[in-house]
$ cat structure_38.cif   # mmCIF, C-alpha atoms and all ligand atoms
data_data
#
loop_
_atom_site.label_atom_id
_atom_site.label_comp_id
_atom_site.auth_asym_id
_atom_site.auth_seq_id
_atom_site.Cartn_x
_atom_site.Cartn_y
_atom_site.Cartn_z
CA MET C 96 -19.22 4.81 8.39
CA ASP C 97 -20.18 3.77 4.85
CA VAL C 98 -17.43 2.68 2.46
CA ALA C 99 -17.53 5.79 0.24
CA SER C 100 -17.27 8.07 3.30
CA ALA C 101 -14.34 6.04 4.61
CA VAL C 102 -12.48 6.34 1.28
CA LYS C 103 -13.29 10.04 1.10
CA SER C 104 -12.13 10.87 4.60
CA MET C 105 -9.19 8.52 5.19
CA LEU C 106 -5.81 10.23 5.35
CA ALA C 107 -2.35 9.02 6.27
CA VAL C 108 -2.01 9.23 10.06
CA ARG C 109 1.53 9.43 11.44
CA VAL C 110 0.93 10.86 14.91
CA TYR C 111 -0.87 8.70 17.45
CA GLN C 112 -2.42 8.98 20.89
CA ASP C 113 -0.82 6.98 23.66
CA ARG C 114 -3.90 4.73 23.82
CA PRO C 115 -4.08 0.97 23.33
CA ILE C 116 -6.32 -0.66 20.74
CA ALA C 117 -8.64 -3.28 22.28
CA ASP C 118 -7.79 -6.87 21.33
CA GLU C 119 -11.17 -7.44 19.66
CA VAL C 120 -10.62 -4.37 17.47
CA VAL C 121 -7.14 -5.62 16.52
CA THR C 122 -8.75 -8.93 15.54
CA ARG C 123 -11.33 -7.12 13.38
CA ILE C 124 -8.48 -5.32 11.58
CA VAL C 125 -6.52 -8.53 10.88
CA GLU C 126 -9.75 -10.31 9.94
CA ALA C 127 -10.19 -7.72 7.16
CA ALA C 128 -6.92 -8.96 5.65
CA ARG C 129 -8.01 -12.58 5.92
CA LEU C 130 -11.27 -11.82 4.13
CA THR C 131 -9.63 -9.97 1.23
CA GLY C 132 -9.77 -11.66 -2.15
CA SER C 133 -6.42 -12.78 -3.56
CA SER C 134 -5.25 -14.01 -6.94
CA ARG C 135 -6.75 -17.47 -7.57
CA ASN C 136 -7.78 -17.33 -3.89
CA ARG C 137 -4.26 -18.50 -3.01
CA GLN C 138 -4.14 -16.45 0.22
CA ASP C 139 -0.38 -16.67 0.01
CA TRP C 140 0.25 -14.12 2.71
CA ASP C 141 1.06 -13.72 6.40
CA PHE C 142 0.38 -10.91 8.81
CA VAL C 143 2.60 -10.35 11.83
CA VAL C 144 0.68 -8.48 14.53
CA VAL C 145 2.97 -6.42 16.77
CA ARG C 146 1.76 -4.82 19.99
CA SER C 147 4.90 -5.02 22.13
CA ARG C 148 6.20 -1.50 22.82
CA ASP C 149 9.76 -2.76 22.68
CA THR C 150 9.28 -4.31 19.21
CA LEU C 151 7.36 -1.25 17.95
CA GLN C 152 10.24 0.96 19.05
CA LYS C 153 12.78 -1.31 17.33
CA LEU C 154 10.69 -1.25 14.14
CA GLY C 155 10.60 2.55 14.32
CA THR C 156 14.39 2.64 14.54
CA LEU C 157 14.75 0.31 11.55
CA ALA C 158 12.15 2.13 9.41
CA SER C 159 13.99 4.96 7.64
CA THR C 160 10.72 6.39 6.25
CA GLY C 161 8.47 5.43 9.17
CA PRO C 162 10.06 6.27 12.53
CA PHE C 163 6.53 7.00 13.80
CA ILE C 164 5.94 3.23 14.04
CA ALA C 165 7.65 3.57 17.42
CA ASP C 166 4.65 5.53 18.77
CA ALA C 167 1.91 3.36 17.28
CA ALA C 168 -0.32 1.11 19.39
CA LEU C 169 -0.12 -1.65 16.81
CA ALA C 170 1.83 -2.49 13.68
CA ILE C 171 1.06 -5.21 11.17
CA ALA C 172 3.72 -6.54 8.83
CA VAL C 173 2.32 -7.73 5.50
CA VAL C 174 4.43 -10.66 4.29
CA VAL C 175 4.03 -11.96 0.74
CA PRO C 176 5.98 -13.81 -1.96
CA ASP C 177 8.48 -11.56 -3.75
CA ALA C 178 6.48 -11.37 -7.01
CA PRO C 179 4.01 -8.91 -8.60
CA VAL C 180 1.02 -11.02 -7.63
CA GLY C 181 2.24 -11.01 -4.04
CA TYR C 182 2.50 -7.21 -4.07
CA ILE C 183 -1.03 -6.88 -5.47
CA ASP C 184 -2.58 -9.33 -3.01
CA GLY C 185 -0.71 -7.78 -0.09
CA ALA C 186 -1.64 -4.22 -1.06
CA ARG C 187 -5.32 -5.13 -1.25
CA ALA C 188 -5.20 -6.77 2.18
CA ALA C 189 -3.35 -3.76 3.58
CA GLN C 190 -5.93 -1.32 2.23
CA ASP C 191 -8.81 -3.39 3.66
CA MET C 192 -7.15 -3.38 7.09
CA MET C 193 -6.59 0.37 6.88
CA LEU C 194 -10.22 1.01 5.90
CA VAL C 195 -11.63 -1.21 8.65
CA ALA C 196 -9.35 0.51 11.16
CA TRP C 197 -10.50 3.91 9.90
CA GLY C 198 -14.11 2.84 10.44
CA GLU C 199 -13.13 2.11 14.05
CA GLY C 200 -11.67 5.62 14.42
CA ILE C 201 -8.11 4.35 14.07
CA GLY C 202 -5.55 5.92 11.75
CA SER C 203 -2.74 4.17 9.91
CA ASN C 204 -0.19 4.67 7.19
CA TRP C 205 1.70 2.58 4.66
CA VAL C 206 5.41 2.42 5.43
CA GLY C 207 7.71 1.19 2.69
CA ASN C 208 11.40 0.16 2.61
CA MET C 209 10.71 -2.52 5.21
CA ASN C 210 12.04 -5.58 3.36
CA LYS C 211 15.25 -5.61 5.38
CA PRO C 212 17.08 -8.57 6.97
CA GLU C 213 17.05 -6.82 10.38
CA ILE C 214 13.26 -6.47 10.27
CA LYS C 215 12.82 -10.09 9.20
CA ALA C 216 15.10 -11.23 12.02
CA LEU C 217 13.23 -9.09 14.56
CA LEU C 218 9.86 -10.55 13.55
CA GLY C 219 11.06 -14.09 12.76
CA ILE C 220 10.09 -13.79 9.09
CA PRO C 221 11.79 -16.29 6.72
CA ALA C 222 14.54 -14.64 4.65
CA GLU C 223 12.97 -15.57 1.29
CA LYS C 224 9.69 -13.80 2.10
CA MET C 225 8.97 -10.19 1.16
CA VAL C 226 7.94 -7.66 3.80
CA LEU C 227 5.69 -5.56 1.59
CA THR C 228 4.94 -3.02 4.28
CA VAL C 229 4.63 -2.59 8.00
CA ILE C 230 1.52 -0.58 8.77
CA PRO C 231 1.37 1.30 12.07
CA PHE C 232 -2.08 1.85 13.60
CA GLY C 233 -3.21 4.15 16.39
CA TYR C 234 -5.89 6.55 17.49
CA PRO C 235 -5.02 9.81 15.71
CA ALA C 236 -3.51 12.55 17.85
CA LYS C 237 -5.26 15.14 15.67
CA LYS C 238 -8.98 15.23 14.91
CA VAL C 239 -9.93 12.61 12.29
CA GLY C 240 -11.16 14.15 9.06
CA ALA C 241 -9.65 17.52 9.88
CA GLY C 242 -6.89 17.16 7.29
CA ARG C 243 -7.16 18.21 3.65
CA LYS C 244 -6.97 15.63 0.92
CA GLU C 245 -4.85 16.79 -2.01
CA ARG C 246 -5.68 14.82 -5.13
CA LYS C 247 -5.64 15.52 -8.89
CA PRO C 248 -9.06 16.45 -10.33
CA LEU C 249 -11.04 13.55 -11.80
CA ALA C 250 -10.95 14.98 -15.34
CA GLU C 251 -7.14 14.86 -15.25
CA ILE C 252 -6.89 11.16 -14.49
CA ALA C 253 -10.17 9.62 -15.68
CA HIS C 254 -10.90 9.18 -19.38
CA ASP C 255 -14.25 8.84 -21.14
CA GLU C 256 -14.25 5.75 -23.38
CA THR C 257 -10.87 6.71 -24.92
CA PHE C 258 -7.59 7.61 -23.30
CA GLY C 259 -7.10 11.37 -23.60
CA VAL C 260 -10.80 12.28 -23.54
CA ALA C 261 -11.41 13.81 -20.13
CA TYR C 262 -14.14 12.13 -18.11
CA SER C 263 -16.85 14.70 -17.43
CA GLY C 264 -19.40 12.73 -15.45
C1 LIG C 301 3.27 2.35 -1.74
C2 LIG C 301 3.26 3.44 -0.69
C3 LIG C 301 4.39 3.67 0.06
C4 LIG C 301 4.38 4.64 1.07
N1 LIG C 301 5.48 4.79 1.87
C5 LIG C 301 5.44 5.68 2.87
C6 LIG C 301 6.53 5.77 3.77
O1 LIG C 301 7.50 5.03 3.68
N2 LIG C 301 6.46 6.69 4.76
C7 LIG C 301 5.38 7.52 4.92
O2 LIG C 301 5.37 8.32 5.83
N3 LIG C 301 4.31 7.43 4.09
C8 LIG C 301 4.32 6.54 3.09
N4 LIG C 301 3.23 6.41 2.26
C9 LIG C 301 2.03 7.24 2.49
C10 LIG C 301 1.85 8.33 1.42
O3 LIG C 301 2.79 9.35 1.65
C11 LIG C 301 0.42 8.83 1.50
O4 LIG C 301 -0.45 7.78 1.13
C12 LIG C 301 0.18 10.01 0.55
O5 LIG C 301 1.03 11.08 0.85
C13 LIG C 301 -1.26 10.49 0.64
O6 LIG C 301 -1.53 10.89 1.95
P1 LIG C 301 -2.99 11.39 2.38
O7 LIG C 301 -3.94 10.25 2.14
O8 LIG C 301 -2.89 11.75 3.83
O9 LIG C 301 -3.32 12.57 1.52
C14 LIG C 301 3.22 5.43 1.29
C15 LIG C 301 2.07 5.17 0.52
C16 LIG C 301 2.08 4.18 -0.43
C17 LIG C 301 0.81 3.89 -1.19
#
$ encode --input "structure_38.cif" --output "structure tokens"
Amino acid sequence: MDVASAVKSMLAVRVYQDRPIADEVVTRIVEAARLTGSSRNRQDWDFVVVRSRDTLQKLGTLASTGPFIADAALAIAVVVPDAPVGYIDGARAAQDMMLVAWGEGIGSNWVGNMNKPEIKALLGIPAEKMVLTVIPFGYPAKKVGAGRKERKPLAEIAHDETFGVAYSG
């Protein structure tokens, strides 16, 4: 799948098949994070790869806005410094992992509100670090690409040379 098609078709996936993700595919997903560019190339980030059903279920219980983590085949915690640059670097790495997974036919979704002491304790993450997100991954239970993407029209959000002048192509 080319990059533009991946961006066009990728949707949040919250319902997963009960099907494992092969180890080499998991590695390709995490590798996407490693290869992402970061501010001043600091690479000040860590990625906790979770495949244990027991831990996934515990994460699902602790995630108020992401209980579906419990049913995922994989979850990756994105751990960064608690600073704007950390959020930016981590978000870029997260998106690259999600896009590479999508190219492999695997769905995912950003889950927020995960910077909790219980989650850090569960995953052995130092207290001073920020858990930016925990992203669940899994083969989608529904057909990929079948969902509708609801987005504002381009002319509403893109401006031609000057803010307020609608971009018209
Ligand atoms: C910063 C951020 C936080 C999000 N937090 C959650 C969340 O906690 N739970 C959830 O189910 N989806 C979460 N989402 C997913 C959004 O709901 C989703 O990207 C949006 O609705 C668009 O979905 P679509 O691509 O399927 O159209 C989050 C997305 C972002 C970018």
$ residues_around --input "structure_38.cif" --residues "segment 116-121 of chain C" --least-positions-apart "4" --cutoff "8 Å" --atoms "all atoms listed in the file" --output "count of residues only"
6
$ atom_distance --input "structure_38.cif" --atom1 "atom CA of Ala178 of chain C" --atom2 "atom CA of Gln138 of chain C"
13.8 Å
$ residues_near_ligand --input "structure_38.cif" --ligand "ligand LIG 301 (chain C)" --cutoff "9 Å" --atoms "all atoms listed in the file" --output "short mmCIF file (atom, residue, chain, number, x, y, z; two decimals) with C-alpha atoms, in the coordinates of the input"
data_model
loop_
_atom_site.label_atom_id
_atom_site.label_comp_id
_atom_site.auth_asym_id
_atom_site.auth_seq_id
_atom_site.Cartn_x
_atom_site.Cartn_y
_atom_site.Cartn_z
CA SER C 104 -12.13 10.87 4.60
CA MET C 105 -9.19 8.52 5.19
CA LEU C 106 -5.81 10.23 5.35
CA ALA C 107 -2.35 9.02 6.27
CA VAL C 108 -2.01 9.23 10.06
CA ARG C 109 1.53 9.43 11.44
CA ALA C 158 12.15 2.13 9.41
CA SER C 159 13.99 4.96 7.64
CA THR C 160 10.72 6.39 6.25
CA GLY C 161 8.47 5.43 9.17
CA PRO C 162 10.06 6.27 12.53
CA PHE C 163 6.53 7.00 13.80
CA ALA C 186 -1.64 -4.22 -1.06
CA ASN C 204 -0.19 4.67 7.19
CA TRP C 205 1.70 2.58 4.66
CA VAL C 206 5.41 2.42 5.43
CA GLY C 207 7.71 1.19 2.69
CA ASN C 208 11.40 0.16 2.61
CA MET C 209 10.71 -2.52 5.21
CA LEU C 227 5.69 -5.56 1.59
CA THR C 228 4.94 -3.02 4.28
CA GLY C 242 -6.89 17.16 7.29
CA ARG C 243 -7.16 18.21 3.65
CA LYS C 244 -6.97 15.63 0.92
CA GLU C 245 -4.85 16.79 -2.01
CA ARG C 246 -5.68 14.82 -5.13
#
$ residues_around --input "structure_38.cif" --residues "Ala167 of chain C" --least-positions-apart "3" --cutoff "10 Å" --atoms "all atoms listed in the file" --output "list in words"
Arg109, Val110, Tyr111, Gln112, Asp113, Arg114, Pro115, Ile116, Val145, Arg146, Arg148, Leu151, Gln152, Gly155, Pro162, Phe163, Ile164, Ala170, Gly202, Ser203, Ile230, Pro231, Phe232, Gly233, Tyr234 and Pro235 of chain C
$ write_last_selection --input "structure_38.cif" --atoms "C-alpha atoms" --output "mmCIF file, in the coordinates of the input"
data_model
loop_
_atom_site.group_PDB
_atom_site.id
_atom_site.type_symbol
_atom_site.label_atom_id
_atom_site.label_comp_id
_atom_site.auth_asym_id
_atom_site.auth_seq_id
_atom_site.Cartn_x
_atom_site.Cartn_y
_atom_site.Cartn_z
ATOM 1 C CA ARG C 109 1.530 9.430 11.440
ATOM 2 C CA VAL C 110 0.930 10.860 14.910
ATOM 3 C CA TYR C 111 -0.870 8.700 17.450
ATOM 4 C CA GLN C 112 -2.420 8.980 20.890
ATOM 5 C CA ASP C 113 -0.820 6.980 23.660
ATOM 6 C CA ARG C 114 -3.900 4.730 23.820
ATOM 7 C CA PRO C 115 -4.080 0.970 23.330
ATOM 8 C CA ILE C 116 -6.320 -0.660 20.740
ATOM 9 C CA VAL C 145 2.970 -6.420 16.770
ATOM 10 C CA ARG C 146 1.760 -4.820 19.990
ATOM 11 C CA ARG C 148 6.200 -1.500 22.820
ATOM 12 C CA LEU C 151 7.360 -1.250 17.950
ATOM 13 C CA GLN C 152 10.240 0.960 19.050
ATOM 14 C CA GLY C 155 10.600 2.550 14.320
ATOM 15 C CA PRO C 162 10.060 6.270 12.530
ATOM 16 C CA PHE C 163 6.530 7.000 13.800
ATOM 17 C CA ILE C 164 5.940 3.230 14.040
ATOM 18 C CA ALA C 170 1.830 -2.490 13.680
ATOM 19 C CA GLY C 202 -5.550 5.920 11.750
ATOM 20 C CA SER C 203 -2.740 4.170 9.910
ATOM 21 C CA ILE C 230 1.520 -0.580 8.770
ATOM 22 C CA PRO C 231 1.370 1.300 12.070
ATOM 23 C CA PHE C 232 -2.080 1.850 13.600
ATOM 24 C CA GLY C 233 -3.210 4.150 16.390
ATOM 25 C CA TYR C 234 -5.890 6.550 17.490
ATOM 26 C CA PRO C 235 -5.020 9.810 15.710
#
$ atom_distance --input "structure_38.cif" --atom1 "atom CA of Met192 of chain C" --atom2 "atom CA of Ala253 of chain C"
26.4 Å
$ closest_residue --input "structure_38.cif" --among "C:Lys215, C:Lys224, C:Arg135, C:Lys153" --to "Val180 of chain C" --atoms "all atoms listed in the file"
C:Arg135
$ atom_distance --input "structure_38.cif" --atom1 "atom CA of Ala250 of chain C" --atom2 "atom CA of Gln190 of chain C"
24.5 Å
$ closest_residue --input "structure_38.cif" --among "C:Asp184, C:Asp191, C:Glu126, C:Asp141" --to "Val98 of chain C" --atoms "all atoms listed in the file"
C:Asp191
$ closest_residue --input "structure_38.cif" --among "C:Ala101, C:Ile183, C:Ala165, C:Ile171" --to "Thr150 of chain C" --atoms "all atoms listed in the file"
C:Ala165
$ closest_residue --input "structure_38.cif" --among "C:Val195, C:Leu157, C:Val143, C:Val260" --to "Asp97 of chain C" --atoms "only C-alpha atoms"
C:Val195
$ closest_residue --input "structure_38.cif" --among "C:Ile214, C:Ile252, C:Val102, C:Val173" --to "Ala189 of chain C" --atoms "only C-alpha atoms"
C:Val173
$ axis_aligned_box --input "structure_38.cif" --around "segment 216-231 of chain C" --padding-each-side "5 Å" --output "AutoDock Vina command-line options"
--center_x 8.2 --center_y -7.5 --center_z 7.9 --size_x 23.7 --size_y 27.6 --size_z 23.4
$ closest_residue --input "structure_38.cif" --among "C:Arg137, C:Gly264, C:Lys237, C:Ala128" --to "Leu249 of chain C" --atoms "all atoms listed in the file"
C:Gly264
$ decode --input "structure_38.cif" --residues "segment 188-217 of chain C" --atoms "N, CA and C atoms" --output "compact mmCIF listing (two decimals), in the first residue's frame"
# COMPACT_ATOMS: atom_id res chain seq x y z
N ALA C 188 6.20 9.12 16.32
CA ALA C 188 6.57 7.70 16.34
C ALA C 188 5.31 6.82 16.37
N ALA C 189 4.31 7.27 17.14
CA ALA C 189 3.06 6.51 17.23
C ALA C 189 2.38 6.42 15.86
N GLN C 190 2.32 7.56 15.17
CA GLN C 190 1.66 7.57 13.86
C GLN C 190 2.40 6.68 12.86
N ASP C 191 3.73 6.70 12.91
CA ASP C 191 4.49 5.84 11.99
C ASP C 191 4.21 4.36 12.29
N MET C 192 4.13 4.01 13.56
CA MET C 192 3.81 2.61 13.90
C MET C 192 2.42 2.24 13.40
N MET C 193 1.48 3.16 13.58
CA MET C 193 0.10 2.89 13.16
C MET C 193 0.00 2.72 11.64
N LEU C 194 0.76 3.54 10.91
CA LEU C 194 0.72 3.46 9.44
C LEU C 194 1.39 2.17 8.95
N VAL C 195 2.51 1.81 9.54
CA VAL C 195 3.18 0.56 9.13
C VAL C 195 2.28 -0.63 9.46
N ALA C 196 1.65 -0.59 10.61
CA ALA C 196 0.71 -1.67 10.96
C ALA C 196 -0.42 -1.73 9.95
N TRP C 197 -0.96 -0.59 9.60
CA TRP C 197 -2.08 -0.54 8.64
C TRP C 197 -1.66 -1.17 7.30
N GLY C 198 -0.44 -0.89 6.89
CA GLY C 198 0.10 -1.48 5.66
C GLY C 198 0.20 -2.99 5.74
N GLU C 199 0.27 -3.51 6.97
CA GLU C 199 0.33 -4.96 7.19
C GLU C 199 -1.07 -5.55 7.38
N GLY C 200 -2.10 -4.68 7.24
CA GLY C 200 -3.48 -5.16 7.44
C GLY C 200 -3.93 -5.16 8.89
N ILE C 201 -3.16 -4.44 9.72
CA ILE C 201 -3.43 -4.43 11.16
C ILE C 201 -3.98 -3.07 11.58
N GLY C 202 -5.07 -3.07 12.33
CA GLY C 202 -5.66 -1.83 12.80
C GLY C 202 -5.14 -1.46 14.18
N SER C 203 -5.34 -0.19 14.54
CA SER C 203 -4.87 0.30 15.83
C SER C 203 -5.68 1.53 16.21
N ASN C 204 -5.41 2.05 17.36
CA ASN C 204 -6.07 3.29 17.77
C ASN C 204 -5.29 3.94 18.90
N TRP C 205 -5.26 5.25 18.90
CA TRP C 205 -4.62 6.00 19.98
C TRP C 205 -5.52 5.93 21.21
N VAL C 206 -4.95 5.60 22.34
CA VAL C 206 -5.72 5.65 23.59
C VAL C 206 -5.02 6.63 24.53
N GLY C 207 -5.76 7.61 24.98
CA GLY C 207 -5.21 8.63 25.87
C GLY C 207 -5.50 8.31 27.34
N ASN C 208 -5.23 9.26 28.20
CA ASN C 208 -5.45 9.11 29.66
C ASN C 208 -4.71 7.90 30.24
N MET C 209 -3.50 7.64 29.73
CA MET C 209 -2.79 6.44 30.17
C MET C 209 -1.60 6.76 31.08
N ASN C 210 -1.41 8.04 31.41
CA ASN C 210 -0.27 8.42 32.24
C ASN C 210 -0.62 8.27 33.72
N LYS C 211 -0.90 7.02 34.10
CA LYS C 211 -1.36 6.76 35.47
C LYS C 211 -0.33 5.93 36.23
N PRO C 212 -0.21 6.16 37.54
CA PRO C 212 0.76 5.38 38.33
C PRO C 212 0.53 3.87 38.21
N GLU C 213 -0.72 3.44 38.15
CA GLU C 213 -1.00 1.99 38.08
C GLU C 213 -0.46 1.40 36.79
N ILE C 214 -0.57 2.18 35.70
CA ILE C 214 -0.09 1.68 34.40
C ILE C 214 1.44 1.65 34.39
N LYS C 215 2.05 2.68 34.99
CA LYS C 215 3.51 2.69 35.07
C LYS C 215 4.00 1.51 35.91
N ALA C 216 3.33 1.26 37.01
CA ALA C 216 3.73 0.14 37.87
C ALA C 216 3.58 -1.19 37.13
N LEU C 217 2.48 -1.35 36.41
CA LEU C 217 2.22 -2.59 35.67
C LEU C 217 3.32 -2.87 34.65
